[in-house]
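Data first, discussion second: the structure below is written as structure tokens.
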Amino acid sequence: MNNLEFDFKVEKATKTVFITREFDAELPLVWDAFTKQELLDQWVAPKPWTSKTKFMEFKVGGRRFYAMVSPEGQERWSVQEYTSITPKTHFKMSNAFADQDGNPELPGSDWDYTFSEQNGITKVNIVIYNESLERLERMIEMGFTEGFKMSMNNLENLLETLK
């Protein structure tokens, strides 16, 4: 691996997670990996878990309803709603754990993604603001930090095969 940036910082005082990750891939491909269901399901779950999207409509007001599925078949559902989209550069969404019928479990979190490319390297900045400290701590307890880092590595490997 070359010197691609990967920063992951949790600030409990502001209930916020800051992530910066660079990928050796062009921006349109990285954008698609974050915004197309068929690509998201290939990388977003930390192995040995898998991702299963029930439906996804990537537009303002659209939603993605998906589960992280354990090797034993246990499903952990989440629902995301897209609140702002600027193609190829930026999108925001709200995210909440949910039951299998899509009823959100509040409070949730707001995710803010920014994409930029320089010399074939795409940088993704993600800011995750949690509505409560309890939710942030629950995410961390559930292994969010390790799981997210594993997912980013999955994405890096997927991008390598798609280039």
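Identifiers in this document derive from the order of the structure tokens: chains are assigned A, B, ..., residues are numbered from 1 separately in each chain, and ligands are numbered from 1 in order of occurrence.
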Might you pull out every residue within 9 Å of Thr14 (chain A), with only C-alpha atoms counted and same-chain residues fewer than 6 positions away left off, and present them as a count of residues only? 3
Name the residues in contact with Trp111 (chain A) at a cut-off of 12 Å, using only C-alpha atoms, excluding same-chain residues fewer than 5 positions from it; report them as a list in words. Thr16, Val17, Phe18, Ile19, Gln80, Glu81, Tyr82, Thr83, Ser84, Ile85, His90, Phe91, Lys92, Met93, Ser94, Asn95, Ala96, Asn125, Ile126, Val127, Ile128, Tyr129, Asn130 and Glu131 of chain A
Store the residues picked out above in a file with N, CA and C atoms, as a short mmCIF file (atom, residue, chain, number, x, y, z; two decimals), in the first residue's frame.
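Output (selection_12.cif):
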data_model
loop_
_atom_site.label_atom_id
_atom_site.label_comp_id
_atom_site.auth_asym_id
_atom_site.auth_seq_id
_atom_site.Cartn_x
_atom_site.Cartn_y
_atom_site.Cartn_z
N THR A 16 -18.96 13.49 17.77
CA THR A 16 -18.67 13.47 16.33
C THR A 16 -17.49 12.55 16.02
N VAL A 17 -17.59 11.86 14.88
CA VAL A 17 -16.51 11.05 14.35
C VAL A 17 -16.04 11.73 13.06
N PHE A 18 -14.72 11.89 12.93
CA PHE A 18 -14.13 12.49 11.73
C PHE A 18 -13.28 11.44 11.03
N ILE A 19 -13.57 11.20 9.77
CA ILE A 19 -12.83 10.19 9.00
C ILE A 19 -12.35 10.82 7.70
N GLN A 80 -31.36 4.81 6.14
CA GLN A 80 -30.67 6.06 5.84
C GLN A 80 -31.58 6.90 4.95
N GLU A 81 -31.58 8.21 5.19
CA GLU A 81 -32.34 9.11 4.33
C GLU A 81 -31.39 10.18 3.80
N TYR A 82 -31.38 10.33 2.48
CA TYR A 82 -30.49 11.30 1.84
C TYR A 82 -31.11 12.69 1.93
N THR A 83 -30.37 13.63 2.52
CA THR A 83 -30.90 14.96 2.78
C THR A 83 -30.30 16.03 1.87
N SER A 84 -29.18 15.74 1.22
CA SER A 84 -28.53 16.71 0.34
C SER A 84 -27.60 15.94 -0.59
N ILE A 85 -27.64 16.26 -1.89
CA ILE A 85 -26.75 15.61 -2.85
C ILE A 85 -26.23 16.64 -3.84
N HIS A 90 -20.45 15.74 -3.00
CA HIS A 90 -20.93 15.86 -1.63
C HIS A 90 -22.31 15.25 -1.48
N PHE A 91 -22.53 14.54 -0.37
CA PHE A 91 -23.90 14.20 0.02
C PHE A 91 -23.99 14.08 1.52
N LYS A 92 -25.23 14.26 2.02
CA LYS A 92 -25.52 14.13 3.44
C LYS A 92 -26.67 13.15 3.60
N MET A 93 -26.66 12.46 4.73
CA MET A 93 -27.77 11.56 5.03
C MET A 93 -27.93 11.45 6.53
N SER A 94 -29.16 11.11 6.93
CA SER A 94 -29.39 10.75 8.32
C SER A 94 -29.38 9.23 8.37
N ASN A 95 -28.95 8.69 9.49
CA ASN A 95 -28.81 7.25 9.63
C ASN A 95 -29.36 6.85 11.00
N ALA A 96 -30.12 5.76 11.02
CA ALA A 96 -30.64 5.27 12.30
C ALA A 96 -30.71 3.75 12.25
N ASN A 125 -13.91 12.65 2.80
CA ASN A 125 -14.01 13.14 4.17
C ASN A 125 -15.42 12.82 4.66
N ILE A 126 -15.51 12.20 5.83
CA ILE A 126 -16.80 11.84 6.40
C ILE A 126 -16.86 12.41 7.82
N VAL A 127 -17.93 13.14 8.10
CA VAL A 127 -18.17 13.65 9.45
C VAL A 127 -19.48 13.04 9.91
N ILE A 128 -19.44 12.33 11.03
CA ILE A 128 -20.63 11.66 11.58
C ILE A 128 -20.98 12.34 12.89
N TYR A 129 -22.10 13.06 12.89
CA TYR A 129 -22.55 13.72 14.10
C TYR A 129 -23.67 12.90 14.73
N ASN A 130 -23.47 12.48 15.96
CA ASN A 130 -24.47 11.68 16.67
C ASN A 130 -25.35 12.58 17.51
N GLU A 131 -26.66 12.28 17.49
CA GLU A 131 -27.61 13.11 18.23
C GLU A 131 -27.48 12.95 19.73
#
Between A:Asn157, A:Thr20, A:Ser70, A:Thr89, which has the minimum distance to Ala45 (chain A) (counting only C-alpha atoms)? A:Ser70
Within 12 Å of Thr161 (chain A), counting only C-alpha atoms, which residues qualify if same-chain residues fewer than 2 places away don't, as a PyMOL selection string? chain A and resi 24-25+29+39+42+154-159+163
Could you save those same residues with N, CA and C atoms as a PDB file, in the first residue's frame?
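Produced file result30.pdb, reproduced below:
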ATOM      1  N   ASP A  24      -6.717   5.061  -4.157  1.00  0.00           N
ATOM      2  CA  ASP A  24      -5.997   5.125  -5.423  1.00  0.00           C
ATOM      3  C   ASP A  24      -6.976   4.754  -6.536  1.00  0.00           C
ATOM      4  N   ALA A  25      -7.923   5.667  -6.778  1.00  0.00           N
ATOM      5  CA  ALA A  25      -8.952   5.453  -7.792  1.00  0.00           C
ATOM      6  C   ALA A  25      -9.537   6.817  -8.148  1.00  0.00           C
ATOM      7  N   LEU A  29     -15.501   6.625  -9.850  1.00  0.00           N
ATOM      8  CA  LEU A  29     -15.582   5.247  -9.369  1.00  0.00           C
ATOM      9  C   LEU A  29     -15.817   5.215  -7.857  1.00  0.00           C
ATOM     10  N   LEU A  39     -22.768  -1.817  -5.584  1.00  0.00           N
ATOM     11  CA  LEU A  39     -21.384  -1.683  -5.121  1.00  0.00           C
ATOM     12  C   LEU A  39     -21.321  -1.599  -3.597  1.00  0.00           C
ATOM     13  N   GLN A  42     -21.159  -4.757  -1.705  1.00  0.00           N
ATOM     14  CA  GLN A  42     -19.936  -5.555  -1.863  1.00  0.00           C
ATOM     15  C   GLN A  42     -18.851  -5.182  -0.859  1.00  0.00           C
ATOM     16  N   ASN A 154     -12.067  -3.158   2.591  1.00  0.00           N
ATOM     17  CA  ASN A 154     -12.874  -3.870   1.598  1.00  0.00           C
ATOM     18  C   ASN A 154     -13.071  -2.998   0.366  1.00  0.00           C
ATOM     19  N   LEU A 155     -13.381  -1.721   0.599  1.00  0.00           N
ATOM     20  CA  LEU A 155     -13.610  -0.790  -0.515  1.00  0.00           C
ATOM     21  C   LEU A 155     -12.338  -0.624  -1.339  1.00  0.00           C
ATOM     22  N   GLU A 156     -11.218  -0.473  -0.658  1.00  0.00           N
ATOM     23  CA  GLU A 156      -9.942  -0.338  -1.374  1.00  0.00           C
ATOM     24  C   GLU A 156      -9.720  -1.549  -2.297  1.00  0.00           C
ATOM     25  N   ASN A 157      -9.976  -2.755  -1.793  1.00  0.00           N
ATOM     26  CA  ASN A 157      -9.802  -3.967  -2.597  1.00  0.00           C
ATOM     27  C   ASN A 157     -10.791  -4.019  -3.752  1.00  0.00           C
ATOM     28  N   LEU A 158     -12.036  -3.617  -3.511  1.00  0.00           N
ATOM     29  CA  LEU A 158     -13.047  -3.606  -4.571  1.00  0.00           C
ATOM     30  C   LEU A 158     -12.648  -2.609  -5.666  1.00  0.00           C
ATOM     31  N   LEU A 159     -12.212  -1.430  -5.278  1.00  0.00           N
ATOM     32  CA  LEU A 159     -11.819  -0.416  -6.270  1.00  0.00           C
ATOM     33  C   LEU A 159     -10.678  -0.933  -7.133  1.00  0.00           C
ATOM     34  N   LYS A 163     -10.959  -0.992 -11.302  1.00  0.00           N
ATOM     35  CA  LYS A 163     -10.198   0.000 -12.091  1.00  0.00           C
ATOM     36  C   LYS A 163      -9.890  -0.501 -13.483  1.00  0.00           C
TER      37      LYS A 163
END
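When only C-alpha atoms are used to measure the gap to Gln100 (chain A), the shortest distance among A:Met68, A:Ile121, A:Leu27, A:Leu4 belongs to A:Met68.
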I'd like the neighbourhood of Asn153 (chain A) as a ChimeraX atom specification, where a residue qualifies if any of its atoms comes within 10 Å (using only C-alpha atoms), though same-chain residues fewer than 4 positions away should be ignored. /A:23,43-44,46,147-149,157-159
Keeping only C-alpha atoms, write those residues as a PDB file, in the first residue's frame.
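New file out_14.pdb:
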ATOM      1  CA  PHE A  23      -8.212   5.825  -2.421  1.00  0.00           C
ATOM      2  CA  TRP A  43     -17.824  -3.594   0.630  1.00  0.00           C
ATOM      3  CA  VAL A  44     -19.752  -1.842   3.402  1.00  0.00           C
ATOM      4  CA  PRO A  46     -16.859  -5.820   7.784  1.00  0.00           C
ATOM      5  CA  GLY A 147     -15.637  -2.444  11.521  1.00  0.00           C
ATOM      6  CA  PHE A 148     -15.424   0.831   9.617  1.00  0.00           C
ATOM      7  CA  LYS A 149     -11.682   0.431   9.095  1.00  0.00           C
ATOM      8  CA  ASN A 157      -9.802  -3.967  -2.597  1.00  0.00           C
ATOM      9  CA  LEU A 158     -13.047  -3.606  -4.571  1.00  0.00           C
ATOM     10  CA  LEU A 159     -11.819  -0.416  -6.270  1.00  0.00           C
TER      11      LEU A 159
END
Hey, what does DSSP flag as alpha helix (DSSP H) within chain A? Can you give it to me as a ChimeraX atom specification? /A:27-35,37-43,133-141,144-162
Selection to disk with C-alpha atoms, as a short mmCIF file (atom, residue, chain, number, x, y, z; two decimals), in the first residue's frame:
data_model
loop_
_atom_site.label_atom_id
_atom_site.label_comp_id
_atom_site.auth_asym_id
_atom_site.auth_seq_id
_atom_site.Cartn_x
_atom_site.Cartn_y
_atom_site.Cartn_z
CA LEU A 27 -13.48 10.13 -8.23
CA PRO A 28 -16.39 8.83 -10.40
CA LEU A 29 -15.58 5.25 -9.37
CA VAL A 30 -15.28 6.09 -5.66
CA TRP A 31 -18.51 8.13 -5.83
CA ASP A 32 -20.33 5.17 -7.39
CA ALA A 33 -19.01 2.85 -4.67
CA PHE A 34 -20.70 5.05 -2.04
CA THR A 35 -23.92 5.72 -3.95
CA GLN A 37 -26.54 -0.32 -4.11
CA GLU A 38 -24.81 -3.07 -6.09
CA LEU A 39 -21.38 -1.68 -5.12
CA LEU A 40 -22.22 -0.71 -1.52
CA ASP A 41 -23.33 -4.24 -0.71
CA GLN A 42 -19.94 -5.56 -1.86
CA TRP A 43 -17.82 -3.59 0.63
CA LEU A 133 -23.42 10.69 23.39
CA GLU A 134 -25.13 7.41 24.31
CA ARG A 135 -25.58 6.57 20.60
CA LEU A 136 -21.94 7.39 19.84
CA GLU A 137 -20.80 5.19 22.73
CA ARG A 138 -23.12 2.37 21.57
CA MET A 139 -21.65 2.58 18.05
CA ILE A 140 -18.13 2.35 19.49
CA GLU A 141 -19.12 -0.57 21.77
CA PHE A 144 -17.81 0.63 14.79
CA THR A 145 -14.17 1.79 14.71
CA GLU A 146 -12.71 -1.60 13.78
CA GLY A 147 -15.64 -2.44 11.52
CA PHE A 148 -15.42 0.83 9.62
CA LYS A 149 -11.68 0.43 9.10
CA MET A 150 -12.29 -3.10 7.77
CA SER A 151 -15.00 -1.77 5.44
CA MET A 152 -12.62 0.88 4.08
CA ASN A 153 -10.10 -1.88 3.32
CA ASN A 154 -12.87 -3.87 1.60
CA LEU A 155 -13.61 -0.79 -0.51
CA GLU A 156 -9.94 -0.34 -1.37
CA ASN A 157 -9.80 -3.97 -2.60
CA LEU A 158 -13.05 -3.61 -4.57
CA LEU A 159 -11.82 -0.42 -6.27
CA GLU A 160 -8.63 -2.23 -7.25
CA THR A 161 -10.68 -4.90 -9.06
CA LEU A 162 -12.94 -2.31 -10.75
#
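Backbone DSSP of region 96-162 of chain A yields strand (DSSP E or B) at Ala96, Phe97, Ala98, Pro104, Glu105, Leu106, Pro107, Gly108, Ser109, Asp110, Trp111, Asp112, Tyr113, Thr114, Phe115, Ser116, Glu117, Gln118, Ile121, Thr122, Lys123, Val124, Asn125, Ile126, Val127, Ile128, Tyr129 and Asn130 of chain A.
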Keeping C-alpha atoms, export the residues of the selection given above as a JSON list (two decimals), in the first residue's frame.
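Below is the file that was written, again-v4.json:
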[["chain", "number", "residue", "atom", "x", "y", "z"],
["A", 96, "ALA", "CA", -30.64, 5.27, 12.30],
["A", 97, "PHE", "CA", -30.72, 1.71, 13.51],
["A", 98, "ALA", "CA", -34.09, 0.18, 12.64],
["A", 104, "PRO", "CA", -36.06, 3.89, 12.92],
["A", 105, "GLU", "CA", -34.65, 3.71, 16.42],
["A", 106, "LEU", "CA", -33.92, 7.28, 17.44],
["A", 107, "PRO", "CA", -31.74, 9.12, 18.16],
["A", 108, "GLY", "CA", -29.67, 8.62, 15.04],
["A", 109, "SER", "CA", -26.73, 10.30, 13.38],
["A", 110, "ASP", "CA", -26.05, 12.68, 10.50],
["A", 111, "TRP", "CA", -23.40, 11.72, 7.97],
["A", 112, "ASP", "CA", -21.69, 14.32, 5.78],
["A", 113, "TYR", "CA", -19.54, 13.04, 2.87],
["A", 114, "THR", "CA", -17.20, 15.19, 0.78],
["A", 115, "PHE", "CA", -15.29, 13.83, -2.24],
["A", 116, "SER", "CA", -12.30, 15.37, -4.04],
["A", 117, "GLU", "CA", -9.67, 14.07, -6.45],
["A", 118, "GLN", "CA", -6.09, 15.07, -7.10],
["A", 121, "ILE", "CA", -6.20, 9.90, -5.77],
["A", 122, "THR", "CA", -9.71, 10.42, -4.39],
["A", 123, "LYS", "CA", -10.11, 11.75, -0.87],
["A", 124, "VAL", "CA", -13.30, 11.08, 1.06],
["A", 125, "ASN", "CA", -14.01, 13.14, 4.17],
["A", 126, "ILE", "CA", -16.80, 11.84, 6.40],
["A", 127, "VAL", "CA", -18.17, 13.65, 9.45],
["A", 128, "ILE", "CA", -20.63, 11.66, 11.58],
["A", 129, "TYR", "CA", -22.55, 13.72, 14.10],
["A", 130, "ASN", "CA", -24.47, 11.68, 16.67]]
Quick one, how far is CA of Val79 (chain A) from CA of Met142 (chain A)?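 Separation between CA of Val79 (chain A) and CA of Met142 (chain A): 17.2 Å.
Neighbours of Ala67 (chain A) closer than or equal to 7 Å, with only C-alpha atoms counted and sequence neighbours fewer than 4 positions away skipped, come out as Ser51, Lys52, Thr53, Glu75, Arg76, Trp77 and Ser78 of chain A.
Of the residues under consideration (A:Gly102, A:Gly120, A:Gly143, A:Pro71), A:Pro71 shows the shortest atom-to-atom contact distance to Thr50 (chain A) when counting only C-alpha atoms.
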To one decimal in Å, tell me the separation between CA of Gly62 (chain A) and CA of Thr86 (chain A). 14.1 Å
Mind giving me the straight-line distance from CA of Met56 (chain A) to CA of Glu22 (chain A) in Å, one decimal? 25.3 Å
